[in-house]
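Asks: Here you go, one structure.
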Amino acid sequence: MDKSFFKRKGIDVAPELLGKYLIRKLPNGKIIRSIITEVEVYDGEEDLASHASKGKTSRNEVMYEEGGIWYVYLVYGMWCMLNIVTGEKDYPSAILIRSTKDIEGPGRLTRDLKIDKTFNRKKVGKNSNLWIEDGERVKYTRTPRIGVDYSGKWALKKNRFVIKNPPDK
């Protein structure tokens, strides 16, 4: 994907990620391709579900970078979460990749694709051994995000995008 694809608002990028291929080249040279089926948008400091809701910190400063890089962080001391930074520099926005056609759940996704915090801040592209390629246009639905009940009205925002019927490829 061209870098300009990610320099847009997360809410615009998210539905267009659905149906695209997440591709990981493992250290042994094996390539895994799987269709992205579920994503969530975290957008701006006003979004109380976002890591940026308390301002810029050493953990979330990557969200303030220009779109097109990975934001990978650890939750519960054991699961890495894979996000793509979107938008313009100095505006915190990222999209969590929750699932692919072959791997359901954000923790399983990073575990199975052997994605860890070393990917944090790397550019989305073949040089990072983790990239996205065009796929198919798909129909999707929007729902509230998962596991953000603490964020008040932000928990009800329909910032989660899910493919209705994933392609067979």
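Labels used: A, B, ... for chains in the order of the structure tokens, numbers from 1 for residues in each chain, and numbers from 1 for ligands as shown.
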So that I can check the secondary structure, give me every residue of region 7-166 of chain A assigned alpha helix (DSSP H) by backbone DSSP, as a ChimeraX atom specification.

Replies: /A:10-17,106-112

Asks: What lies within 12 Å of Gly105 (chain A) using only C-alpha atoms, ignoring chain neighbours under 6 positions off, as a ChimeraX atom specification?

Replies: /A:36-40,79-82,96-99,111-112,146

Asks: Just asking: which residues within region 96-166 of chain A are strand (DSSP E) according to DSSP, as a list in words?

Replies: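 So the strand (DSSP E) residues in region 96-166 of chain A would be Leu96, Ile97, Arg98, Ser99, Thr100, Leu130, Trp131, Ile132, Glu133, Tyr140, Thr141, Arg142, Thr143, Arg160, Phe161, Val162 and Ile163 of chain A.
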
Asks: Rounded to one decimal place, report the CA of Leu74 (chain A)-CA of Glu133 (chain A) distance in Å.

Replies: 25.5 Å

Asks: Taking only C-alpha atoms into account, name the residue in A:Lys114, A:Lys153, A:Arg108, A:Lys123 that is nearest to Glu65 (chain A).

Replies: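 Of A:Lys114, A:Lys153, A:Arg108, A:Lys123, the one nearest Glu65 (chain A), counting only C-alpha atoms, is A:Lys123.
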